[in-house]
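*Asks:* Just one file: my_file06.cif, with mmCIF, C-alpha atoms.
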```
data_work
loop_
_atom_site.label_atom_id
_atom_site.label_comp_id
_atom_site.auth_asym_id
_atom_site.auth_seq_id
_atom_site.Cartn_x
_atom_site.Cartn_y
_atom_site.Cartn_z
CA MET A 20 -31.48 102.37 133.89
CA ILE A 21 -29.65 105.64 133.51
CA ALA A 22 -26.00 105.80 134.41
CA HIS A 23 -25.10 109.19 135.87
CA PRO A 24 -22.63 111.20 133.85
CA VAL A 25 -19.22 111.31 135.45
CA ARG A 26 -17.30 114.53 135.10
CA ARG A 27 -13.61 114.65 134.41
CA VAL A 28 -11.96 117.37 136.43
CA ALA A 29 -8.46 118.34 137.41
CA CYS A 30 -7.83 119.48 140.98
CA PRO A 31 -7.29 123.26 140.82
CA ASP A 32 -4.56 123.07 143.48
CA CYS A 33 -2.55 119.97 142.51
CA ASP A 34 -3.66 119.16 138.92
CA LEU A 35 -4.62 115.57 139.76
CA LEU A 36 -6.93 114.17 137.08
CA LEU A 37 -10.10 112.77 138.55
CA THR A 38 -13.41 111.43 137.41
CA LEU A 39 -15.99 112.87 139.73
CA PRO A 40 -19.19 110.95 140.35
CA PRO A 41 -22.28 113.13 140.91
CA VAL A 42 -22.07 114.68 144.38
CA PRO A 43 -25.20 113.82 146.41
CA ALA A 44 -27.39 116.80 147.41
CA GLY A 45 -26.00 118.36 150.56
CA GLY A 46 -22.63 116.68 150.08
CA SER A 47 -19.23 117.82 148.86
CA ALA A 48 -16.16 116.34 147.19
CA ARG A 49 -12.51 116.89 148.08
CA CYS A 50 -9.32 116.09 146.29
CA PRO A 51 -7.96 112.76 147.65
CA ARG A 52 -4.38 113.99 147.26
CA CYS A 53 -4.27 117.61 148.48
CA ASP A 54 -7.68 118.01 150.17
CA ALA A 55 -8.82 120.96 148.01
CA ARG A 56 -12.59 121.29 147.77
CA LEU A 57 -13.62 120.23 144.28
CA SER A 58 -17.36 120.37 144.36
CA ARG A 59 -20.29 121.05 146.62
CA ALA A 60 -23.95 120.42 146.03
CA PRO A 61 -26.19 122.35 148.43
CA HIS A 62 -29.93 121.63 148.38
CA ARG A 63 -32.01 123.85 146.06
CA SER A 64 -29.02 126.05 145.42
CA ILE A 65 -30.50 128.45 142.87
CA GLU A 66 -33.71 129.20 144.78
CA ARG A 67 -32.00 129.63 148.13
CA THR A 68 -29.12 131.72 146.80
CA SER A 69 -31.38 134.09 144.86
CA ALA A 70 -33.64 134.54 147.92
CA LEU A 71 -30.57 135.35 150.02
CA ALA A 72 -29.22 137.75 147.40
CA LEU A 73 -32.53 139.64 147.38
CA ALA A 74 -32.53 139.84 151.19
CA GLY A 75 -28.90 140.97 151.03
CA LEU A 76 -29.70 143.79 148.60
CA LEU A 77 -32.45 145.12 150.89
CA LEU A 78 -30.07 145.01 153.85
CA PHE A 79 -27.41 146.72 151.72
CA VAL A 80 -29.78 149.64 151.05
CA VAL A 81 -30.56 150.02 154.77
CA ALA A 82 -26.87 149.68 155.69
CA ASN A 83 -25.97 152.53 153.34
CA ALA A 84 -28.95 154.84 153.80
CA PHE A 85 -28.75 155.18 157.58
CA PRO A 86 -25.96 156.21 159.99
CA PHE A 87 -24.01 153.24 161.32
CA LEU A 88 -22.69 154.90 164.47
CA THR A 89 -23.82 157.90 166.46
CA LEU A 90 -21.35 159.73 168.64
CA ASP A 91 -22.47 161.74 171.66
CA ILE A 92 -19.83 164.16 172.96
CA GLN A 93 -21.21 166.08 175.93
CA GLY A 94 -24.72 166.20 174.50
CA ARG A 95 -23.63 167.00 170.95
CA GLN A 96 -24.48 164.24 168.56
CA THR A 97 -22.68 163.43 165.35
CA GLU A 98 -23.34 160.50 163.07
CA ALA A 99 -21.92 159.06 159.88
CA THR A 100 -22.96 156.76 157.06
CA LEU A 101 -20.66 154.33 155.26
CA PHE A 102 -20.31 156.60 152.28
CA GLU A 103 -19.36 159.57 154.45
CA GLY A 104 -16.33 157.58 155.57
CA VAL A 105 -15.28 157.20 151.94
CA ARG A 106 -15.92 160.89 151.21
CA THR A 107 -13.99 162.04 154.28
CA LEU A 108 -10.89 160.13 153.15
CA TRP A 109 -11.22 161.71 149.71
CA THR A 110 -11.41 165.25 151.13
CA GLN A 111 -8.41 164.49 153.36
CA ASP A 112 -6.26 163.89 150.25
CA MET A 113 -6.25 160.12 150.57
CA PRO A 114 -7.71 159.12 147.18
CA PHE A 115 -6.13 155.65 147.16
CA LEU A 116 -7.53 154.74 150.57
CA SER A 117 -10.87 156.26 149.68
CA VAL A 118 -11.17 154.17 146.51
CA LEU A 119 -9.92 151.03 148.32
CA VAL A 120 -12.58 151.37 151.02
CA LEU A 121 -15.27 152.23 148.48
CA ALA A 122 -14.35 149.17 146.39
CA THR A 123 -14.15 146.67 149.25
CA ILE A 124 -17.13 147.59 151.42
CA ILE A 125 -19.59 149.18 148.99
CA VAL A 126 -18.91 148.32 145.33
CA ALA A 127 -17.79 144.67 145.69
CA PRO A 128 -20.61 143.55 148.04
CA LEU A 129 -23.17 145.40 145.89
CA LEU A 130 -21.88 143.80 142.68
CA HIS A 131 -21.70 140.39 144.36
CA LEU A 132 -25.35 140.51 145.42
CA SER A 133 -26.78 142.14 142.31
CA LEU A 134 -24.89 139.84 139.92
CA LEU A 135 -26.16 136.82 141.85
CA LEU A 136 -29.73 138.09 141.62
CA TYR A 137 -29.41 139.02 137.93
CA LEU A 138 -28.06 135.55 137.08
CA LEU A 139 -30.00 133.28 139.40
CA LEU A 140 -33.50 134.76 139.23
CA PRO A 141 -33.92 134.02 135.47
CA LEU A 142 -32.17 130.63 135.87
CA GLY A 143 -34.74 129.70 138.53
CA TRP A 144 -37.43 130.24 135.89
CA GLY A 145 -35.51 128.30 133.27
CA ARG A 146 -34.27 131.34 131.33
CA ARG A 147 -30.71 132.28 130.51
CA PRO A 148 -29.81 135.89 131.36
CA PRO A 149 -27.95 137.78 128.59
CA GLY A 150 -24.20 137.87 129.15
CA GLY A 151 -24.52 135.12 131.78
CA PRO A 152 -21.15 133.33 131.46
CA ARG A 153 -19.15 136.58 131.31
CA LEU A 154 -20.92 137.98 134.35
CA PHE A 155 -20.65 134.78 136.39
CA ALA A 156 -16.91 134.75 135.64
CA LEU A 157 -16.74 138.39 136.77
CA LEU A 158 -18.47 137.42 140.03
CA HIS A 159 -15.73 134.85 140.64
CA HIS A 160 -13.07 137.59 140.42
CA ILE A 161 -14.95 140.12 142.54
CA ARG A 162 -15.48 137.81 145.49
CA PRO A 163 -12.08 138.11 147.24
CA TRP A 164 -12.41 141.91 147.28
CA SER A 165 -15.69 141.97 149.17
CA MET A 166 -14.63 142.57 152.78
CA ALA A 167 -17.76 143.44 154.73
CA GLU A 168 -16.84 141.10 157.60
CA VAL A 169 -13.43 142.72 158.01
CA PHE A 170 -15.09 146.14 158.13
CA MET A 171 -17.26 144.88 161.00
CA LEU A 172 -14.13 144.09 163.02
CA GLY A 173 -12.96 147.63 162.22
CA VAL A 174 -16.22 148.99 163.65
CA LEU A 175 -15.63 147.03 166.84
CA VAL A 176 -12.10 148.38 167.24
CA SER A 177 -13.27 151.95 166.48
CA MET A 178 -15.99 151.75 169.10
CA THR A 179 -13.50 150.84 171.82
CA LYS A 180 -11.08 153.54 170.68
CA LEU A 181 -13.84 156.15 170.86
CA ALA A 182 -15.22 154.90 174.17
CA ASP A 183 -13.04 157.24 176.25
CA LEU A 184 -13.88 160.21 174.03
CA ALA A 185 -17.64 159.95 173.73
CA ASP A 186 -20.77 157.82 174.15
CA ILE A 187 -21.33 155.66 171.11
CA PHE A 188 -24.62 154.27 169.88
CA PRO A 189 -24.90 151.70 167.12
CA GLY A 190 -27.24 152.90 164.38
CA ILE A 191 -29.78 150.99 162.29
CA ALA A 192 -27.22 150.63 159.53
CA LEU A 193 -24.87 148.75 161.85
CA TRP A 194 -27.51 146.11 162.60
CA ALA A 195 -28.36 145.87 158.90
CA PHE A 196 -24.65 145.55 158.10
CA SER A 197 -24.22 142.73 160.64
CA LEU A 198 -27.09 140.82 159.05
CA LEU A 199 -25.67 141.61 155.61
CA ILE A 200 -22.43 139.84 156.55
CA LEU A 201 -24.33 136.72 157.58
CA VAL A 202 -26.37 136.83 154.36
CA ILE A 203 -23.27 137.25 152.17
CA ALA A 204 -21.60 134.30 153.93
CA ALA A 205 -24.79 132.27 153.41
CA THR A 206 -24.85 133.06 149.66
CA LEU A 207 -21.32 131.67 149.44
CA SER A 208 -22.26 128.41 151.12
CA THR A 209 -25.52 127.88 149.19
CA LEU A 210 -24.08 128.69 145.75
CA ASP A 211 -23.44 125.58 143.64
CA GLU A 212 -21.19 126.92 140.90
CA GLU A 213 -21.46 123.79 138.79
CA VAL A 214 -25.24 123.90 138.67
CA VAL A 215 -25.07 127.56 137.65
CA TRP A 216 -22.51 126.80 134.93
CA ALA A 217 -24.53 123.80 133.76
CA ARG A 218 -27.62 126.00 133.31
CA LEU A 219 -25.78 128.99 131.87
CA ALA A 220 -23.83 126.92 129.33
CA PRO A 221 -25.38 123.45 129.01
CA ARG A 222 -23.40 122.47 125.94
CA PHE A 223 -20.30 121.90 128.08
CA GLU A 224 -21.96 119.30 130.28
CA PRO A 225 -21.17 115.60 129.93
CA THR A 226 -24.02 113.89 128.10
CA LYS A 227 -26.03 111.37 130.05
CA ALA A 228 -24.98 107.93 128.93
CA ARG A 229 -27.68 105.30 128.85
CA GLY A 230 -26.57 101.94 130.11
CA MET B 4 5.12 104.55 142.90
CA SER B 5 4.51 106.26 139.59
CA ALA B 6 3.26 109.84 139.53
CA PRO B 7 -0.54 109.95 139.49
CA GLY B 8 -2.16 111.36 136.37
CA ARG B 9 -1.65 115.05 135.94
CA ALA B 10 -3.93 117.05 133.70
CA LEU B 11 -0.82 118.69 132.24
CA SER B 12 0.66 115.33 131.15
CA ALA B 13 -2.63 114.50 129.43
CA SER B 14 -2.56 117.85 127.53
CA LEU B 15 -5.52 119.06 129.57
CA ALA B 16 -5.89 122.42 131.24
CA THR B 17 -8.32 123.79 133.81
CA CYS B 18 -9.84 127.25 133.47
CA HIS B 19 -8.82 129.31 136.54
CA THR B 20 -12.14 131.09 136.50
CA CYS B 21 -14.83 128.50 135.78
CA ALA B 22 -12.91 125.23 136.38
CA LEU B 23 -13.82 123.75 132.98
CA LEU B 24 -11.35 121.05 131.94
CA MET B 25 -10.35 121.33 128.29
CA ARG B 26 -7.86 119.95 125.82
CA LEU B 27 -4.88 122.24 125.35
CA PRO B 28 -3.47 121.42 121.90
CA PRO B 29 0.31 120.74 121.85
CA ARG B 30 2.52 123.84 121.65
CA THR B 31 -0.40 126.03 122.66
CA HIS B 32 0.35 128.19 125.64
CA ALA B 33 -2.96 129.90 125.99
CA LEU B 34 -6.46 129.87 124.66
CA GLY B 35 -9.73 131.52 125.59
CA CYS B 36 -12.03 129.41 127.72
CA PRO B 37 -14.95 128.38 125.48
CA ARG B 38 -17.32 128.58 128.45
CA CYS B 39 -16.46 131.78 130.33
CA GLY B 40 -14.17 133.57 127.86
CA HIS B 41 -11.23 134.03 130.23
CA PRO B 42 -7.70 133.10 129.10
CA VAL B 43 -6.68 129.55 130.00
CA HIS B 44 -3.11 128.42 130.64
CA ALA B 45 -1.88 125.04 131.79
CA ARG B 46 -0.15 126.92 134.61
CA LYS B 47 -0.57 130.52 135.75
CA GLN B 48 1.60 132.66 133.50
CA ASN B 49 5.06 133.60 134.81
CA SER B 50 3.78 132.56 138.19
CA LEU B 51 7.12 132.54 140.02
CA ARG B 52 8.45 135.78 138.57
CA ARG B 53 5.21 137.67 139.15
CA THR B 54 4.82 136.34 142.67
CA TRP B 55 8.45 137.23 143.52
CA ALA B 56 7.97 140.75 142.20
CA LEU B 57 4.77 141.30 144.16
CA VAL B 58 6.23 139.78 147.33
CA ALA B 59 9.33 142.00 147.03
CA ALA B 60 7.20 145.11 146.52
CA GLY B 61 5.01 144.13 149.48
CA ALA B 62 8.04 143.51 151.71
CA ILE B 63 9.57 146.89 150.85
CA LEU B 64 6.35 148.77 151.54
CA TYR B 65 5.82 146.80 154.77
CA VAL B 66 8.62 148.88 156.33
CA PRO B 67 7.09 152.39 155.90
CA ALA B 68 3.64 150.87 156.58
CA ASN B 69 4.84 149.99 160.06
CA LEU B 70 7.24 152.85 160.76
CA LEU B 71 5.18 155.79 159.53
CA PRO B 72 2.15 156.99 161.49
CA ILE B 73 -1.19 155.79 160.15
CA MET B 74 -3.30 158.48 161.79
CA SER B 75 -3.25 161.45 164.10
CA VAL B 76 -5.95 162.46 166.53
CA THR B 77 -6.25 166.03 167.82
CA HIS B 78 -8.57 166.49 170.76
CA LEU B 79 -9.02 169.73 172.72
CA GLY B 80 -5.67 171.10 171.69
CA SER B 81 -3.67 167.99 172.54
CA GLY B 82 -2.89 165.40 169.95
CA ARG B 83 -1.47 161.93 169.48
CA THR B 84 -0.08 160.28 166.40
CA ASP B 85 -0.31 156.52 166.04
CA THR B 86 1.65 153.98 164.10
CA ILE B 87 0.13 150.52 163.82
CA MET B 88 2.18 149.27 166.74
CA SER B 89 1.53 152.27 169.00
CA GLY B 90 -2.19 151.83 168.29
CA VAL B 91 -1.90 148.24 169.49
CA MET B 92 -0.01 149.36 172.62
CA HIS B 93 -2.66 152.01 173.28
CA LEU B 94 -5.40 149.36 173.18
CA LEU B 95 -3.30 147.20 175.49
CA HIS B 96 -2.83 150.01 178.03
CA THR B 97 -6.51 150.81 178.10
CA GLY B 98 -7.19 147.22 179.15
CA MET B 99 -8.52 146.10 175.78
CA TRP B 100 -6.10 143.23 175.41
CA PRO B 101 -8.39 140.95 173.32
CA LEU B 102 -8.79 143.74 170.77
CA ALA B 103 -5.09 144.59 170.97
CA LEU B 104 -4.36 140.96 170.16
CA ILE B 105 -6.79 140.92 167.23
CA VAL B 106 -5.34 144.11 165.74
CA PHE B 107 -1.79 142.89 166.28
CA VAL B 108 -2.52 139.59 164.55
CA ALA B 109 -4.45 141.19 161.67
CA SER B 110 -2.13 144.14 161.03
CA VAL B 111 1.38 143.08 162.04
CA PHE B 112 1.51 139.29 162.16
CA VAL B 113 -0.68 138.36 159.15
CA PRO B 114 1.08 140.49 156.49
CA LEU B 115 4.51 139.39 157.69
CA ALA B 116 3.54 135.72 157.98
CA LYS B 117 1.96 135.93 154.55
CA LEU B 118 5.12 137.34 152.97
CA LEU B 119 7.28 134.69 154.68
CA ALA B 120 4.91 131.89 153.67
CA LEU B 121 5.01 133.01 150.04
CA VAL B 122 8.82 133.21 150.10
CA LEU B 123 8.94 129.68 151.55
CA LEU B 124 6.59 128.42 148.83
CA LEU B 125 8.55 130.17 146.07
CA VAL B 126 11.90 128.84 147.29
CA SER B 127 10.51 125.34 147.77
CA VAL B 128 9.25 125.26 144.19
CA GLN B 129 12.42 126.75 142.72
CA ARG B 130 14.64 124.34 144.63
CA GLY B 131 12.42 121.43 143.61
CA TRP B 132 11.70 120.33 147.17
CA THR B 133 9.53 117.25 147.48
CA TRP B 134 8.99 117.83 151.17
CA ARG B 135 5.40 117.74 152.52
CA PRO B 136 3.46 118.80 149.43
CA VAL B 137 0.06 118.47 151.14
CA GLN B 138 1.09 120.79 153.98
CA ARG B 139 2.60 123.28 151.55
CA THR B 140 -0.62 123.31 149.52
CA ARG B 141 -2.59 123.87 152.74
CA LEU B 142 -0.23 126.70 153.67
CA TYR B 143 -0.97 128.25 150.29
CA ARG B 144 -4.73 128.02 150.80
CA LEU B 145 -4.38 129.58 154.26
CA THR B 146 -2.23 132.39 152.83
CA GLU B 147 -4.89 133.12 150.25
CA MET B 148 -7.62 133.22 152.88
CA VAL B 149 -6.24 135.36 155.72
CA GLY B 150 -4.83 138.35 153.84
CA ARG B 151 -8.12 140.23 153.76
CA TRP B 152 -8.18 140.60 157.57
CA SER B 153 -5.24 143.00 157.41
CA MET B 154 -7.61 145.65 156.07
CA VAL B 155 -9.02 146.19 159.56
CA ASP B 156 -6.76 149.15 160.43
CA ILE B 157 -7.65 150.93 157.20
CA TYR B 158 -11.31 150.63 158.16
CA VAL B 159 -10.63 151.92 161.67
CA VAL B 160 -9.02 155.07 160.22
CA THR B 161 -11.99 155.50 157.87
CA ILE B 162 -14.58 155.14 160.61
CA LEU B 163 -12.78 157.41 163.08
CA ALA B 164 -12.18 160.08 160.45
CA ALA B 165 -15.83 160.04 159.33
CA LEU B 166 -17.32 160.11 162.82
CA VAL B 167 -15.00 162.37 164.70
CA ASN B 168 -14.59 164.97 161.97
CA ALA B 169 -18.36 165.30 161.68
CA GLY B 170 -18.24 166.97 165.09
CA ALA B 171 -16.11 169.95 166.01
CA LEU B 172 -14.40 168.71 169.16
CA ALA B 173 -11.68 166.57 167.69
CA ARG B 174 -9.96 165.86 164.38
CA VAL B 175 -8.73 162.58 162.97
CA GLU B 176 -6.35 162.67 160.01
CA PRO B 177 -5.12 159.64 158.12
CA ARG B 178 -1.32 159.67 157.65
CA PRO B 179 0.87 158.23 154.86
CA GLY B 180 1.54 154.99 156.80
CA ALA B 181 -2.06 154.02 156.09
CA VAL B 182 -1.52 154.37 152.34
CA PHE B 183 1.57 152.13 152.47
CA PHE B 184 -0.37 149.70 154.60
CA GLY B 185 -3.25 149.56 152.11
CA LEU B 186 -0.74 148.92 149.33
CA VAL B 187 0.82 146.04 151.30
CA VAL B 188 -2.58 144.39 151.69
CA VAL B 189 -3.40 144.75 147.98
CA LEU B 190 0.06 143.61 146.81
CA THR B 191 0.12 140.52 149.05
CA MET B 192 -3.39 139.58 147.92
CA LEU B 193 -2.26 139.84 144.29
CA ALA B 194 0.92 137.89 145.12
CA ALA B 195 -1.07 135.00 146.62
CA GLU B 196 -3.36 135.07 143.60
CA SER B 197 -0.47 134.88 141.13
CA PHE B 198 1.23 131.88 142.81
CA ASP B 199 0.29 128.54 141.25
CA PRO B 200 0.13 125.74 143.87
CA ARG B 201 0.27 123.09 141.14
CA LEU B 202 3.97 123.92 140.73
CA ILE B 203 4.51 122.27 144.13
CA TRP B 204 3.17 119.03 142.67
CA ASP B 205 4.88 119.36 139.28
CA ARG B 206 8.30 119.13 140.93
CA LEU B 207 7.16 116.08 142.82
CA GLY B 208 6.10 114.27 139.64
CA ALA B 209 9.41 115.13 137.96
CA ARG B 210 11.43 113.59 140.80
CA ARG B 211 9.48 110.38 140.78
CA GLY B 212 9.97 110.05 137.05
#
```
Hey, can you dump this file as structure tokens for me?

*Replies:*
Amino acid sequence: MIAHPVRRVACPDCDLLLTLPPVPAGGSARCPRCDARLSRAPHRSIERTSALALAGLLLFVVANAFPFLTLDIQGRQTEATLFEGVRTLWTQDMPFLSVLVLATIIVAPLLHLSLLLYLLLPLGWGRRPPGGPRLFALLHHIRPWSMAEVFMLGVLVSMTKLADLADIFPGIALWAFSLLILVIAATLSTLDEEVVWARLAPRFEPTKARG
Amino acid sequence: MSAPGRALSASLATCHTCALLMRLPPRTHALGCPRCGHPVHARKQNSLRRTWALVAAGAILYVPANLLPIMSVTHLGSGRTDTIMSGVMHLLHTGMWPLALIVFVASVFVPLAKLLALVLLLVSVQRGWTWRPVQRTRLYRLTEMVGRWSMVDIYVVTILAALVNAGALARVEPRPGAVFFGLVVVLTMLAAESFDPRLIWDRLGARRG
């Protein structure tokens, strides 16, 4: 009979020391004192998350290569891609805003998806990608700055503001971007950080005690 | 009731980045996480001072962010210049009240509520309040989560500028208010990140002995 290794953790929000039994697949664990989420164990995390990251990257390419909105003012059509928005701000002497938008809707989502793919694809085949722990830590810090879903709300507001000026047509990129948001959210809920850490750096795992 | 076991009392520290629990030798303030390489501290460094500084900077910039125009639109010779609030009123007058509400909440209410929540948390920790630690920790988690939605107005300016300026009929120009606004969002996000919610619980343990 093999006793499962228990992990000692401290709650990140209230510092309560806990011994965490293995979380059953599909389940999650919360701090009994402050209700912070301590652990989550989605089914087949690595396979599902890498598949989603790949799908996300394809959607990202479409979302950036095509115009996201087309404007029709009395028969004259104009359209813009995501990057043109960034470039326009730059040419209007707003470098800070330009960089902020570039970082939050293009660079951060792209890094999020490509780092996931770079780390998880080899792990799925039982290999450790070079620089794994450093890059997975970087991913942790990038995540709050990826704001694709907020941008989508901005698109919605812009469309209503423009409605009295012109006819507006959503472009292919807008549909791709909507799907991209769902895919990014899905990668967050399927990612099991402990499994990734356990495979990237196995020497820090509790050893299985035989009982 | 005695205080439940704190990692700090057991000379243990959690890595902020990868959540590895490790022994922090006595009189050590920081070490590099052996797993992910990031610096590990028992508590976030200078948490209260850094959070106060970022909150103060955010609160100061909140004023020009709301008073100065964020963009101007010129269309067929006539133009209008919008602050955040006049943009909300414009949406309201054109019958788009659900959107007006969303923009008001995201751009006006959220940054202000976030600053006030952080001040409350800071004061509560500094005064050693033992009042409702679970709710205060929840408030912190909420504060950390909602800040990003304030970016919506920045994106609206970006989209309008890109689309409208591509044609020749109208011009949209971002105005300095938008820069201040972007700074408020970034500063309050950094402020929430630098606050350490475990301080709420440290004071509690100290009171109970």

*Asks:* I need the residue set behind the PyMOL selection byres ((chain B) within 8 of (chain A)) for this file; please write it as number ranges by chain.

*Replies:* B: 7-11, 16-17, 19-24, 38-41, 94, 99, 102, 136-137, 140-141, 151-152, 154-159, 161-167, 169-170, 176-177, 181-182, 185, 199-204

*Asks:* Using all atoms listed in the file, find the one residue out of B:Gln138, B:Thr133, B:Asn168, B:Thr97 that sits nearest to Arg206 of chain B.

*Replies:* B:Thr133

*Asks:* Record the distance separating atom CA of Pro114 of chain B and atom CA of Trp132 of chain B, expressed in Å with one decimal.

*Replies:*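 Between these atoms lies a distance of 24.6 Å.
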
*Asks:* For this file, the PyMOL selection byres ((chain B and resi 34) around 12) selects which residues, as JSON, numbers by chain?

*Replies:* {"B": [15, 16, 17, 18, 25, 26, 27, 28, 29, 30, 31, 32, 33, 35, 36, 37, 38, 39, 40, 41, 42, 43, 44, 45]}

*Asks:* Enter the distance from atom CA of Gly80 of chain B to atom CA of Leu172 of chain B, in Å, rounded to one decimal.

*Replies:*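 Between atom CA of Gly80 of chain B and atom CA of Leu172 of chain B the gap works out to 9.4 Å.
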
*Asks:* Would you write out, as a VMD selection string, every residue that the PyMOL selection byres ((chain A and resi 192-201) around 6) captures in this file?

*Replies:* chain A and resid 75 78 81 to 82 85 to 87 168 190 to 191 202 to 204
